[in-house]
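Student: Quick one: this structure, given as structure tokens, is what I'll be asking you about.
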Amino acid sequence: MTTRQPFTIERPTAPPIALVCDSPHSGRTYFPDFRHAIDRKRLRQVEDTHVEALWSSVPAVGGALLHAHFPRSYVDANRGIDDIDPQLLDGVWPGPLNPGEKTRLGSGLIWRKVAADTPIYDRLLPVAEVQARLDACYKPYHAALASLIEQAFQAFGSVWHLNLHSMPNNAYERLRIEHDHPLADFVLGDRDGTTSDPAFVDVLEQELRARGYTVARNDPYKGVQLIANIGRPALLRYSLQIEIRRPLYMDEATRERNANFAAVQADLRDITQVLGKYVTERTAPR
């Protein structure tokens with residue numbers, strides 16, 4: 001596989017604080033070896049397009065921002081490395097696999113479908129091809145994020161991690177969840193209160209509601225592999241997933257920023273400053 005840069009790290013432009021943010025699904029560089037069989041426009045519907053731009057103010061408060069270049073449908077950095085669908089492979093995987101429910105539906109570590117009736121490939125994937133994707137993209141991304149988390153923790157004795165995403169307007173339908181209420185503008189996922197600092201989540205929710213946004217917790221997204229790995233509140237390692245409803249800031253069909261993009265970005269800039277102050281007040285450099 002050709003050498004490629006799988007991610008960008010936006011480092012602090014202000015005195016560093018114990019805040020690390022990452023956007024694992026905003027990548028939109030489609031590599032030649034992807035060889036998908038469906039239209040690119042259809043495939044792009046699963047991107048968290050522009051999320052890294054919405055949160056571009058993170059370095060200005062002293063946080064680090066990591067964002068992927070590779071698309072999530074190529075390899076999903078928010079899945080376990082063994083979460084592979086054996087139906088996608090043309091051979092036997094050299095080790096145990098642990099596919100989850102979403103993998104069965106087609107959206108595992110290597111996506112097989114973008115909808116129940118829309119396969120991505122017209123071929124099975126060679127085992128070596130999948131391994132190459134993991135070596136070129138997944139493993140470096142996870143290593144970079146782990147390094148940023150550890151650097152912050154060693155410097156301050158604690159760390160707050162924000163895992164940044166966007167969600168389609170029909171999220172409940174895609175997830176096949178019956179519901180009697182509209183999708184919130186923001187969904188804060190802490191795996192039912194197990195991965196983050198409750199007061200930190202409270203502050204974020206209050207700041208969002210003060211700006212007129214609707215907010216839900218763990219409905220319908222609780223957080224997946226990254227916050228499960230990082231969030232250890234008893235060890236002063238806090239991790240929270242944030243989902244933004246896409247029509248707030250972009251056209252879901254064209255993936256272009258809409259007229260409200262700048263306003264949402266400005267709100268998140270102000271909220272990031274509040275969160276940065278929260279983190280700073282609770283830490284001191286070692």
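Labels used: A, B, ... for chains in the order of the structure tokens, numbers from 1 for residues in each chain, and numbers from 1 for ligands as shown.
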Can you tell me, as a PyMOL selection string, what residues are no more than 9 Å from A:Ser196 when counting only C-alpha atoms, ignoring any on the same chain fewer than 2 positions away?
Tutor: chain A and resi 160-161+190-191+193-194+198-201+227+231-233+236-240
Student: Would you put the residues from that selection into a file with C-alpha atoms, as a PDB file, in the first residue's frame?
Tutor:
ATOM      1  CA  TRP A 160     -10.734  14.967  29.513  1.00  0.00           C
ATOM      2  CA  HIS A 161     -11.397  13.430  26.091  1.00  0.00           C
ATOM      3  CA  ASP A 190     -21.057   8.521  28.251  1.00  0.00           C
ATOM      4  CA  ARG A 191     -22.138   4.883  28.123  1.00  0.00           C
ATOM      5  CA  GLY A 193     -22.706   7.572  33.028  1.00  0.00           C
ATOM      6  CA  THR A 194     -19.700   5.231  33.147  1.00  0.00           C
ATOM      7  CA  PRO A 198     -20.833  14.015  35.427  1.00  0.00           C
ATOM      8  CA  ALA A 199     -20.231  17.670  36.282  1.00  0.00           C
ATOM      9  CA  PHE A 200     -18.375  18.168  32.996  1.00  0.00           C
ATOM     10  CA  VAL A 201     -21.303  16.669  31.071  1.00  0.00           C
ATOM     11  CA  ILE A 227     -14.682   6.217  24.837  1.00  0.00           C
ATOM     12  CA  GLY A 231     -13.035   6.551  29.879  1.00  0.00           C
ATOM     13  CA  ARG A 232     -11.877   5.486  33.345  1.00  0.00           C
ATOM     14  CA  PRO A 233     -13.300   8.063  35.775  1.00  0.00           C
ATOM     15  CA  LEU A 236      -9.209  10.542  36.378  1.00  0.00           C
ATOM     16  CA  ARG A 237      -9.508   9.701  32.685  1.00  0.00           C
ATOM     17  CA  TYR A 238     -12.803  11.085  31.382  1.00  0.00           C
ATOM     18  CA  SER A 239     -14.225  10.428  27.935  1.00  0.00           C
ATOM     19  CA  LEU A 240     -17.423  11.705  26.302  1.00  0.00           C
TER      20      LEU A 240
END
Student: Quick one: residues within 9 Å of stretch 277-279 of chain A, only C-alpha atoms, excluding same-chain residues fewer than 5 positions away - as a list in words?
Tutor: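 Neighbouring residues, sequence-local ones excluded: Ile17, Ala18, Leu19, Val61, Val159, Trp160, Phe200, Val203 and Thr272 of chain A.
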Student: Within stretch 44-110 of chain A, find each residue whose DSSP state, derived from the backbone, is helix (DSSP H, G or I), and express the selection as a ChimeraX atom specification.
Tutor: /A:44-46,51-54,58-61,86-88,101-104
Student: Where does stretch 94-180 of chain A meet stretch 207-224 of chain A within 12 Å, residue by residue, with the nearest atom pair and distance in Å to one decimal for each, counting only C-alpha atoms, listed by chain and rising number, as JSON lines?
Tutor:
{"residue": "A:Gly100", "atom": "CA", "partner": "A:Val224", "partner_atom": "CA", "distance": 11.1}
{"residue": "A:Lys102", "atom": "CA", "partner": "A:Val224", "partner_atom": "CA", "distance": 10.9}
{"residue": "A:Gly108", "atom": "CA", "partner": "A:Val224", "partner_atom": "CA", "distance": 11.4}
{"residue": "A:Leu109", "atom": "CA", "partner": "A:Val224", "partner_atom": "CA", "distance": 11.8}
{"residue": "A:Leu162", "atom": "CA", "partner": "A:Gly223", "partner_atom": "CA", "distance": 10.8}
{"residue": "A:Asn163", "atom": "CA", "partner": "A:Gly223", "partner_atom": "CA", "distance": 8.5}
{"residue": "A:Leu164", "atom": "CA", "partner": "A:Gly223", "partner_atom": "CA", "distance": 10.3}
{"residue": "A:His165", "atom": "CA", "partner": "A:Gly223", "partner_atom": "CA", "distance": 10.1}
{"residue": "A:Ser166", "atom": "CA", "partner": "A:Tyr221", "partner_atom": "CA", "distance": 10.7}
{"residue": "A:Met167", "atom": "CA", "partner": "A:Tyr221", "partner_atom": "CA", "distance": 9.2}
{"residue": "A:Pro168", "atom": "CA", "partner": "A:Pro220", "partner_atom": "CA", "distance": 11.6}
{"residue": "A:Asn169", "atom": "CA", "partner": "A:Pro220", "partner_atom": "CA", "distance": 11.9}
{"residue": "A:Asn170", "atom": "CA", "partner": "A:Pro220", "partner_atom": "CA", "distance": 11.1}
{"residue": "A:Ala171", "atom": "CA", "partner": "A:Pro220", "partner_atom": "CA", "distance": 7.8}
{"residue": "A:Tyr172", "atom": "CA", "partner": "A:Pro220", "partner_atom": "CA", "distance": 7.0}
{"residue": "A:Glu173", "atom": "CA", "partner": "A:Pro220", "partner_atom": "CA", "distance": 10.6}
{"residue": "A:Arg174", "atom": "CA", "partner": "A:Pro220", "partner_atom": "CA", "distance": 10.7}
{"residue": "A:Leu175", "atom": "CA", "partner": "A:Pro220", "partner_atom": "CA", "distance": 8.3}
{"residue": "A:Arg176", "atom": "CA", "partner": "A:Pro220", "partner_atom": "CA", "distance": 10.4}
{"residue": "A:Ile177", "atom": "CA", "partner": "A:Pro220", "partner_atom": "CA", "distance": 8.1}
{"residue": "A:Glu178", "atom": "CA", "partner": "A:Pro220", "partner_atom": "CA", "distance": 10.3}
{"residue": "A:His179", "atom": "CA", "partner": "A:Pro220", "partner_atom": "CA", "distance": 9.6}
Student: Of the candidates A:Leu204, A:Leu43, A:Leu188, A:Ile244, which one gets nearest to A:Ile271 if we count only C-alpha atoms?
Tutor: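 Comparing A:Leu204, A:Leu43, A:Leu188, A:Ile244 against A:Ile271, the winner is A:Leu204.
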Student: Need to verify the contact set: A:Val264, 8 Å, only C-alpha atoms, exclusion of same-chain residues closer than 5 positions in sequence. Can you return it as a VMD selection string?
Tutor: chain A and resid 54 248 to 249
Student: For A:Arg245, which of A:Thr49, A:Thr8, A:Gln206, A:Ser73 is the closest residue, counting only C-alpha atoms?
Tutor: A:Thr49
Student: Just give me the gap between atom CA of A:Ser23 and atom CA of A:Arg44 in Å, one decimal is fine.
Tutor: 15.8 Å
Student: Could you give me, as a list in words, the residues within 12 Å of A:Arg123, counting only C-alpha atoms and dropping anything in the same chain fewer than 6 positions from it?
Tutor: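 Counting only C-alpha atoms, the residues come to Phe34, Arg35, His36, Ala37, Ile38, Gln87, Leu88, Leu89, Asp90 and Arg112 of chain A.
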Student: Work out how far apart atom CA of A:Glu52 and atom CA of A:Arg269 are and give it in Å to one decimal.
Tutor: 12.2 Å
